[in-house]
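Worksheet for the structure shown next.
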Amino acid sequence: MQPLQVVSLGIESPAVLSRAAYEAIKQADHIVGSARQFDMVTHLDLPARQHLLPRPLDDLGTLLRKLKGQVALLASGDALFYGIGNTLKMRWPDITFVSHPNISSVQALAHRLQENLHELTTISLHGRPLSRLYNALVPGRQLALLTDGNTHPLAIAEYVSALGWQNVRCAVGERLGYPEERVTQWDSLNALIATAPDFDALNVVWLALPDRAPEAWARTALTDTQYQTDHATPGQGMLTKQEVRQQVLAMLDPNPTETGWDIGAGCGGVSIEWARRLTKGYVHAIEHHPERFDALATNQGRFGLDRQLVLHDATATASLLATLPDPTVVFIGGSDGALDDLLEQVWERLPVGGRLIASGVTEPSQACLTRFEGQHGLDGHWCRIDISRGSLLGGQRLLRPRLPVTLVRFIKPDQPTEQGLPT
């Protein structure tokens, strides 16, 4: 089978192609593309048989494999910039292809606005919720946003504005590269919302965030009151509190691309902040208590973590854990009295160098952790966190102590030791 020729068409219509790209589709026996893409190359008078791109794309791999001879696949913009080339690599890695580059709509908009392309953070909202934007909203950052019918420019402006961001400069590029191209700029999101224009479906949005975030915006860490919990009072309930949460995260030391488990996730105190640090990795958060799970799911949506955070409304049984991908790091924040069994099950699944972090508040749970350490000949990193929080009583400042929390981290060694530590 000859390598598939993936031809990026850029943004102009008729398409402007490199010589190599032109030869690739001119010599093709079969060309696969959308109706709009075929319109962009009608001027080339291509002899190949044309096949419409399957919608949805599930059958694309099957179609490409059954076509005989030289096959070309048309791509909008640049195939390897949030395009069909990325989809091929992810869903059909066995299909080898040669990719012919072209200009993307984001590149074109950057040039129209005379903004530095390398300073843009691009996010695709195509087929994704607006909450995906949440963690990208960083003071001083410029965003290029690929949109769809639900995440259109007005919806984006209303979402970001509702989060408290003011003085956000914005622009929308419509039908870039076409004769009817239009680029409109506003000094603020409110100005865009006030005009509420109708935008063409082919659009790209640019946002320039101010150097100062809204007062209540999370910077390096979330506050307890930013979470939804299972308690009527904000910040209360089954939530690992901020001071403990930051120590847990330091012990987890998340790698942005790894897979982790959060067992007994509660309302998501740890797993939410953990997932915010991931790029290609995943956290599997397990919680069976209905009200806590509902709060966890709310927080997942609130902070735009539908991809990085995978929720399991269940008890952390052996059968459930068997269905999860192997982790490289695990946090056990709650065990429902099954800590001994959980420690052994998790330890078996961790690779050499994997990290197991667990918390203990009660004496029995701390005894379980000590016993596990001894049985496996480990020398864990232990710490005990005693915090007091300030409150006023009769005009006087008091520091009220909270329950101390014991944390321990074990790292799986190359070889199990034959003799454990004293229990």
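The chains in the structure tokens are called A, B, ... from first to last as shown; in each chain the residues are counted from 1, and the ligands are counted from 1 in the order shown.
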Within region 130-321 of chain A, find each residue whose DSSP state, derived from the backbone, is strand (DSSP E), and express the selection as number ranges by chain.
A: 142-146, 169-174, 182-186, 203-208, 259-263, 282-286, 309-312
note - CA of Thr279 (chain A) and CA of Val138 (chain A) are separated by 15.7 Å
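Each of A:Gly377, A:Pro404, A:Gly337, A:Gly177 was checked against Pro14 (chain A) using only C-alpha atoms; the smallest atom-to-atom distance is that of A:Gly177.
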Set the distance at 12 Å and use only C-alpha atoms: which residues neighbour region 363-369 of chain A once local chain neighbours fewer than 6 positions away are removed? I'd like the list as a PyMOL selection string.
chain A and resi 332-344+356-357+375-376+378-384+404-410+423
Residues near region 223-240 of chain A, anyone? I mean within 6 Å using only C-alpha atoms, not counting same-chain ones fewer than 6 positions away, as an MDAnalysis selection string.
chainID A and resid 266:267 269 291:292 295
For the selection you just gave me, I'd like the residues written to a file as a tab-separated table (two decimals), in the first residue's frame, keeping C-alpha atoms.
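File written: selection.tsv
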chain	number	residue	atom	x	y	z
A	266	GLY	CA	-14.56	13.24	48.01
A	267	CYS	CA	-15.60	16.52	46.41
A	269	GLY	CA	-10.08	18.77	46.50
A	291	GLU	CA	-23.58	14.04	47.31
A	292	ARG	CA	-19.80	14.09	47.17
A	295	ALA	CA	-20.02	17.97	43.88
Ser271 (chain A): which residues within 10 Å, counting only C-alpha atoms, same-chain residues fewer than 6 positions away excluded, as a PyMOL selection string?
chain A and resi 240+245+249+260-263+265+282-286+296+299-300+308-311+331
Near-Glu181 (chain A) list (12 Å; only C-alpha atoms; drop same-chain fewer than 3 positions) as a PyMOL selection string
chain A and resi 11-13+105+108-109+112+172-178+184+199-200+202-204
Write a file of the just-selected residues containing N, CA and C atoms, as a PDB file, in the first residue's frame.
ATOM      1  N   ILE A  11      -6.199  28.269   3.554  1.00  0.00           N
ATOM      2  CA  ILE A  11      -7.443  28.987   3.839  1.00  0.00           C
ATOM      3  C   ILE A  11      -8.066  29.631   2.604  1.00  0.00           C
ATOM      4  N   GLU A  12      -7.327  29.705   1.515  1.00  0.00           N
ATOM      5  CA  GLU A  12      -7.837  30.430   0.346  1.00  0.00           C
ATOM      6  C   GLU A  12      -8.689  29.535  -0.548  1.00  0.00           C
ATOM      7  N   SER A  13      -9.606  30.145  -1.241  1.00  0.00           N
ATOM      8  CA  SER A  13     -10.415  29.432  -2.229  1.00  0.00           C
ATOM      9  C   SER A  13     -10.498  30.279  -3.499  1.00  0.00           C
ATOM     10  N   SER A 105      -5.797  28.909   9.682  1.00  0.00           N
ATOM     11  CA  SER A 105      -6.576  30.114   9.971  1.00  0.00           C
ATOM     12  C   SER A 105      -5.983  30.895  11.135  1.00  0.00           C
ATOM     13  N   ALA A 108      -3.147  32.903   9.752  1.00  0.00           N
ATOM     14  CA  ALA A 108      -3.667  34.023   8.963  1.00  0.00           C
ATOM     15  C   ALA A 108      -4.164  35.148   9.863  1.00  0.00           C
ATOM     16  N   LEU A 109      -4.899  34.794  10.926  1.00  0.00           N
ATOM     17  CA  LEU A 109      -5.422  35.827  11.820  1.00  0.00           C
ATOM     18  C   LEU A 109      -4.291  36.549  12.538  1.00  0.00           C
ATOM     19  N   ARG A 112      -3.064  39.059  10.157  1.00  0.00           N
ATOM     20  CA  ARG A 112      -3.993  40.174   9.975  1.00  0.00           C
ATOM     21  C   ARG A 112      -3.907  41.150  11.151  1.00  0.00           C
ATOM     22  N   VAL A 172     -12.335  38.788  15.919  1.00  0.00           N
ATOM     23  CA  VAL A 172     -12.901  37.625  15.236  1.00  0.00           C
ATOM     24  C   VAL A 172     -12.546  37.726  13.762  1.00  0.00           C
ATOM     25  N   GLY A 173     -11.924  36.664  13.244  1.00  0.00           N
ATOM     26  CA  GLY A 173     -11.635  36.575  11.817  1.00  0.00           C
ATOM     27  C   GLY A 173     -12.626  35.640  11.157  1.00  0.00           C
ATOM     28  N   GLU A 174     -13.355  36.123  10.168  1.00  0.00           N
ATOM     29  CA  GLU A 174     -14.379  35.334   9.492  1.00  0.00           C
ATOM     30  C   GLU A 174     -13.991  35.086   8.038  1.00  0.00           C
ATOM     31  N   ARG A 175     -14.195  33.858   7.590  1.00  0.00           N
ATOM     32  CA  ARG A 175     -13.936  33.445   6.205  1.00  0.00           C
ATOM     33  C   ARG A 175     -12.569  33.946   5.734  1.00  0.00           C
ATOM     34  N   LEU A 176     -11.583  33.698   6.569  1.00  0.00           N
ATOM     35  CA  LEU A 176     -10.228  34.141   6.250  1.00  0.00           C
ATOM     36  C   LEU A 176      -9.753  33.491   4.957  1.00  0.00           C
ATOM     37  N   GLY A 177      -9.185  34.303   4.061  1.00  0.00           N
ATOM     38  CA  GLY A 177      -8.698  33.806   2.786  1.00  0.00           C
ATOM     39  C   GLY A 177      -9.711  33.847   1.666  1.00  0.00           C
ATOM     40  N   TYR A 178     -10.976  34.065   1.990  1.00  0.00           N
ATOM     41  CA  TYR A 178     -12.025  34.165   0.979  1.00  0.00           C
ATOM     42  C   TYR A 178     -12.200  35.631   0.563  1.00  0.00           C
ATOM     43  N   THR A 184     -12.778  41.735  12.632  1.00  0.00           N
ATOM     44  CA  THR A 184     -13.342  42.787  13.479  1.00  0.00           C
ATOM     45  C   THR A 184     -12.682  42.735  14.846  1.00  0.00           C
ATOM     46  N   PHE A 199     -22.066  36.049  13.223  1.00  0.00           N
ATOM     47  CA  PHE A 199     -20.763  35.659  12.698  1.00  0.00           C
ATOM     48  C   PHE A 199     -20.914  34.514  11.709  1.00  0.00           C
ATOM     49  N   ASP A 200     -20.064  34.520  10.693  1.00  0.00           N
ATOM     50  CA  ASP A 200     -19.997  33.389   9.777  1.00  0.00           C
ATOM     51  C   ASP A 200     -19.498  32.162  10.538  1.00  0.00           C
ATOM     52  N   LEU A 202     -17.418  29.992   9.663  1.00  0.00           N
ATOM     53  CA  LEU A 202     -15.966  29.849   9.533  1.00  0.00           C
ATOM     54  C   LEU A 202     -15.298  31.035  10.225  1.00  0.00           C
ATOM     55  N   ASN A 203     -14.976  30.857  11.497  1.00  0.00           N
ATOM     56  CA  ASN A 203     -14.372  31.963  12.234  1.00  0.00           C
ATOM     57  C   ASN A 203     -13.322  31.478  13.219  1.00  0.00           C
ATOM     58  N   VAL A 204     -12.434  32.377  13.570  1.00  0.00           N
ATOM     59  CA  VAL A 204     -11.415  32.159  14.597  1.00  0.00           C
ATOM     60  C   VAL A 204     -11.469  33.351  15.545  1.00  0.00           C
TER      61      VAL A 204
END
Skipping near chain neighbours, those fewer than 4 positions away, what residues fall within 6 Å of region 67-72 of chain A using only C-alpha atoms, listed as a PyMOL selection string?
chain A and resi 4-6+25+28-31
Quick one: distance from CA of Pro290 (chain A) to CA of Gly264 (chain A) in Å, one decimal?
12.3 Å
